[in-house]
file coords-v2.cif (mmCIF, C-alpha atoms)
data_my_file
#
loop_
_atom_site.label_atom_id
_atom_site.label_comp_id
_atom_site.auth_asym_id
_atom_site.auth_seq_id
_atom_site.Cartn_x
_atom_site.Cartn_y
_atom_site.Cartn_z
CA MET E 15 0.16 -65.58 43.73
CA SER E 16 2.08 -68.17 45.75
CA PRO E 17 5.84 -68.26 46.42
CA SER E 18 5.98 -70.83 43.60
CA SER E 19 6.03 -67.88 41.20
CA CYS E 20 9.62 -67.52 42.40
CA CYS E 21 10.53 -70.64 44.36
CA PRO E 22 9.12 -74.17 44.06
CA PRO E 23 6.55 -75.42 46.61
CA GLY E 24 8.28 -76.70 49.72
CA SER E 25 11.20 -74.28 49.46
CA TRP E 26 13.01 -72.87 52.47
CA PRO E 27 11.51 -69.45 53.35
CA ALA E 28 13.28 -66.21 54.15
CA LEU E 29 15.60 -66.57 57.14
CA GLN E 30 16.95 -64.00 59.55
CA SER E 31 20.70 -63.89 59.97
CA ASP E 32 22.28 -65.35 63.09
CA VAL E 33 23.00 -62.37 65.36
CA ASN E 34 25.67 -64.41 67.16
CA TYR E 35 27.68 -65.13 64.02
CA GLN E 36 31.00 -63.30 63.77
CA PRO E 37 31.71 -62.53 60.08
CA GLN E 38 35.25 -62.96 58.82
CA GLY E 39 35.02 -60.03 56.41
CA GLN E 40 33.73 -56.49 56.42
CA ILE E 41 31.26 -54.33 54.53
CA THR E 42 33.05 -51.99 52.14
CA ASP E 43 31.91 -49.05 50.01
CA LEU E 44 32.83 -49.82 46.40
CA GLY E 45 31.75 -46.38 45.20
CA ASP E 46 28.63 -45.01 43.49
CA GLY E 47 26.52 -46.04 46.47
CA VAL E 48 27.31 -49.74 46.04
CA GLU E 49 28.47 -51.72 49.06
CA ALA E 50 29.73 -55.25 49.41
CA TYR E 51 30.74 -57.69 52.09
CA ILE E 52 34.36 -58.56 51.28
CA VAL E 53 36.22 -61.42 52.87
CA LYS E 54 39.84 -62.09 51.99
CA GLY E 55 41.02 -65.56 51.10
CA ASN E 56 44.52 -66.96 50.89
CA GLU E 57 46.94 -64.21 49.89
CA THR E 58 48.65 -66.58 47.45
CA ASN E 59 45.37 -67.33 45.68
CA SER E 60 44.90 -65.15 42.61
CA HIS E 61 41.20 -65.93 42.34
CA CYS E 62 38.23 -63.82 43.31
CA LEU E 63 34.55 -64.73 43.53
CA LEU E 64 31.68 -62.34 42.90
CA SER E 65 28.65 -63.36 44.96
CA PHE E 66 25.02 -62.61 44.07
CA GLN E 67 22.38 -62.55 46.82
CA ASP E 68 18.93 -64.14 46.74
CA ILE E 69 15.79 -61.94 46.60
CA PHE E 70 16.01 -61.20 50.31
CA ALA E 71 18.49 -58.93 52.10
CA PHE E 72 22.13 -59.52 51.21
CA ASN E 73 23.03 -59.95 54.89
CA SER E 74 20.07 -62.21 55.67
CA ALA E 75 20.07 -65.96 56.27
CA ARG E 76 23.53 -67.54 55.92
CA HIS E 77 24.84 -65.45 53.04
CA PHE E 78 27.85 -64.30 55.08
CA PRO E 79 28.69 -67.70 56.65
CA VAL E 80 28.55 -69.42 53.25
CA VAL E 81 30.70 -66.74 51.66
CA ASP E 82 33.16 -67.12 54.54
CA GLN E 83 33.48 -70.83 53.77
CA PHE E 84 34.60 -70.00 50.23
CA ALA E 85 37.20 -67.65 51.72
CA THR E 86 38.40 -70.47 53.97
CA ALA E 87 38.85 -72.48 50.77
CA GLY E 88 41.18 -69.75 49.49
CA PHE E 89 39.00 -67.36 47.49
CA THR E 90 38.59 -63.67 48.12
CA VAL E 91 34.84 -63.10 47.89
CA VAL E 92 32.97 -59.90 47.04
CA HIS E 93 29.33 -60.38 48.08
CA VAL E 94 27.54 -57.38 46.60
CA ASN E 95 24.45 -55.69 48.02
CA PHE E 96 22.89 -55.38 44.57
CA LEU E 97 19.32 -54.88 45.80
CA GLN E 98 20.22 -52.49 48.64
CA ASP E 99 16.97 -51.73 50.53
CA ASP E 100 14.82 -52.83 47.60
CA TYR E 101 15.03 -56.55 48.31
CA TYR E 102 11.79 -58.54 48.19
CA GLN E 103 9.51 -58.10 51.20
CA GLY E 104 6.10 -58.99 49.76
CA ASP E 105 3.72 -61.94 49.85
CA PHE E 106 4.51 -62.95 46.24
CA THR E 107 1.23 -61.58 44.84
CA ASP E 108 3.32 -58.86 43.18
CA PHE E 109 6.35 -61.00 42.38
CA PRO E 110 6.01 -60.95 38.55
CA ASP E 111 6.13 -57.14 38.63
CA TRP E 112 8.99 -57.17 41.13
CA ILE E 113 11.16 -59.51 39.06
CA ARG E 114 10.52 -57.50 35.90
CA ASN E 115 11.60 -54.36 37.76
CA HIS E 116 14.65 -56.17 39.14
CA ALA E 117 15.77 -57.89 35.98
CA TYR E 118 19.46 -58.04 35.13
CA ASP E 119 19.45 -54.97 32.90
CA LYS E 120 17.44 -52.97 35.44
CA VAL E 121 19.49 -53.35 38.64
CA ILE E 122 22.59 -55.47 38.05
CA GLN E 123 24.26 -54.68 34.73
CA ALA E 124 25.24 -51.05 35.30
CA LYS E 125 26.58 -51.78 38.79
CA LEU E 126 28.78 -54.54 37.36
CA GLN E 127 30.03 -52.45 34.45
CA GLN E 128 30.65 -49.19 36.27
CA THR E 129 31.50 -50.12 39.84
CA VAL E 130 31.83 -53.76 40.91
CA LEU E 131 34.09 -55.26 38.26
CA PRO E 132 36.34 -52.16 38.03
CA TYR E 133 36.76 -52.35 41.82
CA ILE E 134 37.67 -56.03 41.67
CA SER E 135 40.13 -55.61 38.81
CA THR E 136 41.69 -52.30 39.88
CA THR E 137 41.41 -51.91 43.65
CA LEU E 138 41.61 -55.61 44.54
CA ASP E 139 43.85 -56.40 41.54
CA PHE E 140 42.21 -59.64 40.45
CA SER E 141 42.23 -60.71 36.81
CA LYS E 142 40.19 -63.90 37.25
CA VAL E 143 36.67 -63.66 38.60
CA GLY E 144 34.28 -66.51 39.26
CA THR E 145 30.68 -66.15 40.34
CA ILE E 146 28.39 -67.77 42.88
CA GLY E 147 24.70 -67.05 43.19
CA PHE E 148 21.81 -68.07 45.39
CA CYS E 149 18.33 -68.54 43.89
CA TYR E 150 17.62 -65.16 42.18
CA GLY E 151 21.34 -64.51 42.44
CA SER E 152 22.03 -67.66 40.44
CA TYR E 153 19.78 -66.30 37.69
CA MET E 154 21.48 -62.90 37.81
CA SER E 155 24.99 -64.39 37.70
CA PHE E 156 23.90 -66.49 34.74
CA MET E 157 22.66 -63.38 32.93
CA ALA E 158 26.02 -61.73 33.64
CA ALA E 159 27.76 -64.71 32.04
CA ALA E 160 25.62 -64.13 28.95
CA ASP E 161 26.41 -60.39 28.85
CA ASP E 162 29.29 -59.75 26.48
CA THR E 163 29.98 -56.37 28.10
CA VAL E 164 31.18 -58.08 31.30
CA ALA E 165 31.59 -61.78 30.50
CA SER E 166 35.19 -61.44 29.33
CA LEU E 167 36.18 -60.90 32.98
CA LEU E 168 34.31 -63.98 34.22
CA ALA E 169 35.96 -67.41 34.28
CA ALA E 170 33.31 -69.76 35.71
CA GLY E 171 30.08 -69.71 37.69
CA VAL E 172 28.10 -71.70 40.24
CA GLY E 173 24.37 -71.34 40.80
CA PHE E 174 22.86 -72.76 43.98
CA HIS E 175 19.18 -73.77 43.66
CA PRO E 176 18.79 -71.72 40.46
CA SER E 177 15.70 -69.49 40.20
CA HIS E 178 15.92 -69.11 36.45
CA LYS E 179 12.16 -69.68 36.29
CA GLY E 180 11.81 -65.96 37.03
CA HIS E 181 12.94 -65.39 33.45
CA THR E 182 9.47 -66.34 32.26
CA PHE E 183 8.18 -63.01 33.62
CA VAL E 184 11.01 -61.08 31.96
CA ASP E 185 10.83 -62.87 28.60
CA PRO E 186 7.66 -65.00 28.31
CA LYS E 187 8.89 -66.37 24.97
CA ASP E 188 11.91 -67.94 26.70
CA PRO E 189 10.60 -69.43 29.97
CA GLU E 190 13.60 -71.72 30.49
CA CYS E 191 16.30 -69.09 29.92
CA ASN E 192 17.72 -70.84 26.85
CA ILE E 193 18.34 -67.69 24.80
CA PRO E 194 20.84 -66.29 27.35
CA ALA E 195 22.32 -69.79 27.72
CA LYS E 196 23.32 -69.75 24.05
CA ALA E 197 25.58 -66.76 24.76
CA VAL E 198 27.35 -68.22 27.82
CA LYS E 199 30.94 -69.20 27.02
CA MET E 200 32.40 -70.05 30.44
CA PRO E 201 31.67 -73.20 32.49
CA GLN E 202 28.60 -73.13 34.71
CA LEU E 203 27.67 -75.48 37.56
CA LEU E 204 23.95 -75.67 38.31
CA VAL E 205 23.36 -77.05 41.81
CA ALA E 206 19.67 -77.91 41.93
CA ALA E 207 17.43 -79.07 44.75
CA GLY E 208 15.07 -81.99 44.38
CA ASN E 209 12.07 -79.67 44.05
CA ASP E 210 13.69 -77.31 41.54
CA PRO E 211 12.23 -77.35 38.01
CA ASP E 212 13.46 -80.05 35.68
CA PHE E 213 14.98 -77.61 33.19
CA VAL E 214 17.83 -76.70 35.61
CA LYS E 215 18.65 -80.37 36.33
CA PRO E 216 21.10 -82.73 34.57
CA GLU E 217 18.68 -83.75 31.81
CA GLY E 218 17.09 -80.32 31.50
CA SER E 219 17.03 -77.93 28.59
CA LEU E 220 19.39 -75.41 30.19
CA ILE E 221 22.40 -77.71 30.50
CA LYS E 222 21.70 -79.14 27.06
CA THR E 223 21.72 -75.65 25.56
CA LEU E 224 24.98 -74.83 27.35
CA HIS E 225 26.58 -78.04 26.08
CA THR E 226 25.49 -77.56 22.47
CA SER E 227 26.38 -73.87 22.36
CA HIS E 228 29.64 -72.52 23.81
CA SER E 229 29.94 -74.13 27.25
CA PRO E 230 30.54 -77.89 26.92
CA SER E 231 32.28 -78.05 30.33
CA SER E 232 29.16 -76.93 32.17
CA LYS E 233 27.55 -79.34 34.59
CA ALA E 234 24.27 -79.76 36.43
CA VAL E 235 23.79 -81.77 39.61
CA VAL E 236 20.72 -82.39 41.74
CA PHE E 237 20.46 -82.94 45.49
CA ASP E 238 17.26 -84.97 45.48
CA ASN E 239 16.81 -84.90 49.26
CA MET E 240 17.33 -81.14 49.58
CA SER E 241 14.74 -78.38 49.15
CA HIS E 242 15.20 -75.15 47.19
CA GLY E 243 17.16 -72.63 49.26
CA TRP E 244 18.99 -75.16 51.43
CA VAL E 245 22.51 -73.81 50.94
CA ASN E 246 21.90 -70.38 52.47
CA ARG E 247 18.45 -70.74 54.09
CA GLY E 248 18.11 -74.38 55.16
CA ASP E 249 18.02 -75.39 58.83
CA VAL E 250 21.53 -76.66 59.51
CA ALA E 251 20.38 -77.98 62.88
CA ASP E 252 19.11 -80.85 60.74
CA PRO E 253 22.15 -83.11 60.13
CA ALA E 254 20.94 -83.96 56.62
CA VAL E 255 20.73 -80.28 55.66
CA GLN E 256 24.10 -79.57 57.26
CA GLU E 257 25.65 -82.36 55.21
CA GLY E 258 23.86 -81.13 52.08
CA VAL E 259 25.29 -77.64 52.56
CA LYS E 260 28.79 -78.99 53.17
CA THR E 261 28.71 -81.21 50.09
CA ALA E 262 27.30 -78.48 47.84
CA ILE E 263 30.01 -76.02 48.86
CA GLU E 264 32.76 -78.61 48.42
CA LEU E 265 31.42 -79.40 44.95
CA ALA E 266 31.37 -75.72 44.05
CA VAL E 267 34.90 -75.10 45.36
CA SER E 268 36.24 -78.04 43.34
CA PHE E 269 34.48 -76.88 40.17
CA LEU E 270 35.67 -73.29 40.51
CA LYS E 271 39.28 -74.22 41.26
CA LYS E 272 39.33 -76.54 38.26
CA HIS E 273 37.98 -73.98 35.82
CA MET E 274 39.77 -70.94 37.25
CA ALA E 275 43.21 -72.56 37.31
#

call {"tool": "encode", "arguments": {"input": "coords-v2.cif", "output": "structure tokens"}}
result
Amino acid sequence: MSPSSCCPPGSWPALQSDVNYQPQGQITDLGDGVEAYIVKGNETNSHCLLSFQDIFAFNSARHFPVVDQFATAGFTVVHVNFLQDDYYQGDFTDFPDWIRNHAYDKVIQAKLQQTVLPYISTTLDFSKVGTIGFCYGSYMSFMAAADDTVASLLAAGVGFHPSHKGHTFVDPKDPECNIPAKAVKMPQLLVAAGNDPDFVKPEGSLIKTLHTSHSPSSKAVVFDNMSHGWVNRGDVADPAVQEGVKTAIELAVSFLKKHMA
């Protein structure tokens, strides 16, 4: 099976992290074997972001540099190593099985309920939590927004190049993730690439379901000249990609500040 079982054809591949980059935050043990990269924002900002990795290692590509940019914008960010050493390392022939075994209720939900959100609310003392997610992480953050056991703590979410198409392997009867969308009550911003599937774009079924259910303030945008994965895996040596990353992050920051005010 091709990478298109997860990511659209023409997507940015896995990317090694830049060994010369100096992270602004540090990796912290949250308890119960869960670690996270935490970077502090403006001390006067009462907002925290929970960040969800893509299918690759949580410290790969530009996860840390992107998270650091949100901290520069004022947010404290908790970028969780949800997959630990079980991130995807295959050739995509086994991806349907992998995504079923790494569905929200298999690897994310309990960590959020028992460790991550209690740490954010108690140890870090934040009452408002937004989410950002990359690819698979966008899908997982969306599922968290639909989970009534944790959603009351979440104020808004942003999904970069959403990989919600993986839901078709988890629930074949709902290939476009519309059943979870009906349960989402907080605003969501879907930031799609030009080669992402139509259902995550402005005229797609996902945003329509959000609007007609409980999330009328949700929004979808598409960067037609960007490829899936550009925000955290695209080659920023290309000026167009660099500008696409900058614009996407600025859009996300504006959306989150508006809906977390």

call {"tool": "residues_around", "arguments": {"input": "coords-v2.cif", "residues": "Lys199 of chain E", "least_positions_apart": "6", "cutoff": "12 Å", "atoms": "all atoms listed in the file", "output": "PyMOL selection string"}}
result
chain E and resi 156-162+164-171+223-232

call {"tool": "atom_distance", "arguments": {"input": "coords-v2.cif", "atom1": "atom CA of Gly173 of chain E", "atom2": "atom CA of Val33 of chain E"}}
result
26.2 Å

call {"tool": "resolve_selection", "arguments": {"input": "coords-v2.cif", "expression": "the PyMOL selection byres ((chain E and resi 21) around 12)", "output": "number ranges by chain"}}
result
E: 15-20, 22-28, 68-69, 106, 109, 148-150, 175-180, 206-207, 209-211, 241-244

call {"tool": "atom_distance", "arguments": {"input": "coords-v2.cif", "atom1": "atom CA of Asn246 of chain E", "atom2": "atom CA of Val259 of chain E"}}
result
8.0 Å

call {"tool": "atom_distance", "arguments": {"input": "coords-v2.cif", "atom1": "atom CA of Lys187 of chain E", "atom2": "atom CA of Lys120 of chain E"}}
result
19.0 Å

call {"tool": "resolve_selection", "arguments": {"input": "coords-v2.cif", "expression": "the PyMOL selection byres ((chain E and resi 51) around 6)", "output": "CSV table (one decimal) with C-alpha atoms, in the coordinates of the input"}}
result
chain,number,residue,atom,x,y,z
E,40,GLN,CA,33.7,-56.5,56.4
E,41,ILE,CA,31.3,-54.3,54.5
E,50,ALA,CA,29.7,-55.2,49.4
E,52,ILE,CA,34.4,-58.6,51.3
E,92,VAL,CA,33.0,-59.9,47.0
E,93,HIS,CA,29.3,-60.4,48.1

call {"tool": "residues_around", "arguments": {"input": "coords-v2.cif", "residues": "Gly144 of chain E", "least_positions_apart": "6", "cutoff": "10 Å", "atoms": "only C-alpha atoms", "output": "mmCIF file with C-alpha atoms, in the coordinates of the input"}}
result
data_model
loop_
_atom_site.group_PDB
_atom_site.id
_atom_site.type_symbol
_atom_site.label_atom_id
_atom_site.label_comp_id
_atom_site.auth_asym_id
_atom_site.auth_seq_id
_atom_site.Cartn_x
_atom_site.Cartn_y
_atom_site.Cartn_z
ATOM 1 C CA HIS E 61 41.200 -65.930 42.340
ATOM 2 C CA CYS E 62 38.230 -63.820 43.310
ATOM 3 C CA LEU E 63 34.550 -64.730 43.530
ATOM 4 C CA LEU E 64 31.680 -62.340 42.900
ATOM 5 C CA SER E 65 28.650 -63.360 44.960
ATOM 6 C CA PHE E 89 39.000 -67.360 47.490
ATOM 7 C CA VAL E 91 34.840 -63.100 47.890
ATOM 8 C CA SER E 155 24.990 -64.390 37.700
ATOM 9 C CA ALA E 159 27.760 -64.710 32.040
ATOM 10 C CA LEU E 167 36.180 -60.900 32.980
ATOM 11 C CA LEU E 168 34.310 -63.980 34.220
ATOM 12 C CA ALA E 169 35.960 -67.410 34.280
ATOM 13 C CA ALA E 170 33.310 -69.760 35.710
ATOM 14 C CA GLY E 171 30.080 -69.710 37.690
ATOM 15 C CA VAL E 172 28.100 -71.700 40.240
ATOM 16 C CA MET E 200 32.400 -70.050 30.440
ATOM 17 C CA PRO E 201 31.670 -73.200 32.490
ATOM 18 C CA GLN E 202 28.600 -73.130 34.710
ATOM 19 C CA LEU E 270 35.670 -73.290 40.510
ATOM 20 C CA LYS E 271 39.280 -74.220 41.260
ATOM 21 C CA HIS E 273 37.980 -73.980 35.820
ATOM 22 C CA MET E 274 39.770 -70.940 37.250
#

call {"tool": "closest_residue", "arguments": {"input": "coords-v2.cif", "among": "E:Glu190, E:Ser60, E:Gln98, E:Pro79", "to": "Ser135 of chain E", "atoms": "all atoms listed in the file"}}
result
E:Ser60

call {"tool": "resolve_selection", "arguments": {"input": "coords-v2.cif", "expression": "the PyMOL selection byres ((chain E and resi 102) around 7)", "output": "list in words"}}
result
Ile69, Phe70, Asp100, Tyr101, Gln103 and Gly104 of chain E

call {"tool": "closest_residue", "arguments": {"input": "coords-v2.cif", "among": "E:Val245, E:Leu126, E:Leu220, E:Ala87", "to": "Lys54 of chain E", "atoms": "all atoms listed in the file"}}
result
E:Ala87

call {"tool": "closest_residue", "arguments": {"input": "coords-v2.cif", "among": "E:Phe66, E:Phe72, E:Phe213, E:Phe84", "to": "Glu264 of chain E", "atoms": "only C-alpha atoms"}}
result
E:Phe84

call {"tool": "closest_residue", "arguments": {"input": "coords-v2.cif", "among": "E:Cys191, E:Asp105, E:Val81, E:Leu97", "to": "Ile146 of chain E", "atoms": "only C-alpha atoms"}}
result
E:Val81

call {"tool": "closest_residue", "arguments": {"input": "coords-v2.cif", "among": "E:Val235, E:Ser268, E:Thr136, E:Thr129", "to": "Gly88 of chain E", "atoms": "all atoms listed in the file"}}
result
E:Ser268

call {"tool": "closest_residue", "arguments": {"input": "coords-v2.cif", "among": "E:Ala71, E:Thr163, E:Ala195, E:Leu29", "to": "Gly248 of chain E", "atoms": "all atoms listed in the file"}}
result
E:Leu29

call {"tool": "axis_aligned_box", "arguments": {"input": "coords-v2.cif", "around": "segment 63-78 of chain E", "padding_each_side": "4 Å", "output": "AutoDock Vina command-line options"}}
result
--center_x 25.2 --center_y -63.2 --center_z 49.6 --size_x 26.8 --size_y 16.6 --size_z 21.4

call {"tool": "decode", "arguments": {"input": "coords-v2.cif", "residues": "segment 105-126 of chain E", "atoms": "N, CA and C atoms", "output": "compact mmCIF listing (two decimals), in the first residue's frame"}}
result
# COMPACT_ATOMS: atom_id res chain seq x y z
N ASP E 105 6.63 1.00 5.65
CA ASP E 105 6.59 1.41 4.24
C ASP E 105 5.16 1.62 3.77
N PHE E 106 4.24 1.71 4.72
CA PHE E 106 2.81 1.97 4.51
C PHE E 106 2.03 0.75 4.03
N THR E 107 2.69 -0.40 3.83
CA THR E 107 1.93 -1.60 3.49
C THR E 107 1.08 -2.04 4.67
N ASP E 108 1.53 -1.73 5.88
CA ASP E 108 0.81 -2.14 7.09
C ASP E 108 0.08 -0.97 7.75
N PHE E 109 -0.04 0.15 7.04
CA PHE E 109 -0.60 1.33 7.68
C PHE E 109 -2.03 1.15 8.19
N PRO E 110 -2.94 0.50 7.45
CA PRO E 110 -4.30 0.32 7.99
C PRO E 110 -4.30 -0.35 9.36
N ASP E 111 -3.46 -1.38 9.53
CA ASP E 111 -3.38 -2.04 10.83
C ASP E 111 -2.77 -1.10 11.87
N TRP E 112 -1.75 -0.35 11.46
CA TRP E 112 -1.10 0.56 12.41
C TRP E 112 -2.09 1.60 12.91
N ILE E 113 -2.85 2.22 12.02
CA ILE E 113 -3.75 3.28 12.45
C ILE E 113 -4.87 2.72 13.31
N ARG E 114 -5.32 1.52 13.02
CA ARG E 114 -6.35 0.91 13.89
C ARG E 114 -5.79 0.67 15.29
N ASN E 115 -4.51 0.28 15.36
CA ASN E 115 -3.89 0.02 16.65
C ASN E 115 -3.45 1.31 17.36
N HIS E 116 -3.49 2.42 16.63
CA HIS E 116 -3.11 3.71 17.21
C HIS E 116 -4.24 4.72 17.10
N ALA E 117 -5.44 4.19 17.15
CA ALA E 117 -6.63 5.05 17.13
C ALA E 117 -6.71 5.83 18.44
N TYR E 118 -7.56 6.82 18.46
CA TYR E 118 -7.68 7.71 19.62
C TYR E 118 -7.90 6.94 20.92
N ASP E 119 -8.84 6.00 20.90
CA ASP E 119 -9.16 5.29 22.14
C ASP E 119 -8.11 4.25 22.52
N LYS E 120 -7.17 3.98 21.62
CA LYS E 120 -6.13 2.99 21.91
C LYS E 120 -4.89 3.61 22.55
N VAL E 121 -4.49 4.80 22.10
CA VAL E 121 -3.21 5.34 22.59
C VAL E 121 -3.28 6.78 23.11
N ILE E 122 -4.36 7.48 22.86
CA ILE E 122 -4.43 8.90 23.22
C ILE E 122 -5.33 9.16 24.42
N GLN E 123 -6.52 8.62 24.39
CA GLN E 123 -7.56 8.99 25.35
C GLN E 123 -7.13 8.84 26.80
N ALA E 124 -6.62 7.69 27.18
CA ALA E 124 -6.25 7.46 28.58
C ALA E 124 -5.13 8.40 29.02
N LYS E 125 -4.17 8.66 28.13
CA LYS E 125 -3.08 9.58 28.48
C LYS E 125 -3.63 10.99 28.74
N LEU E 126 -4.59 11.41 27.93
CA LEU E 126 -5.21 12.72 28.15
C LEU E 126 -5.95 12.76 29.48
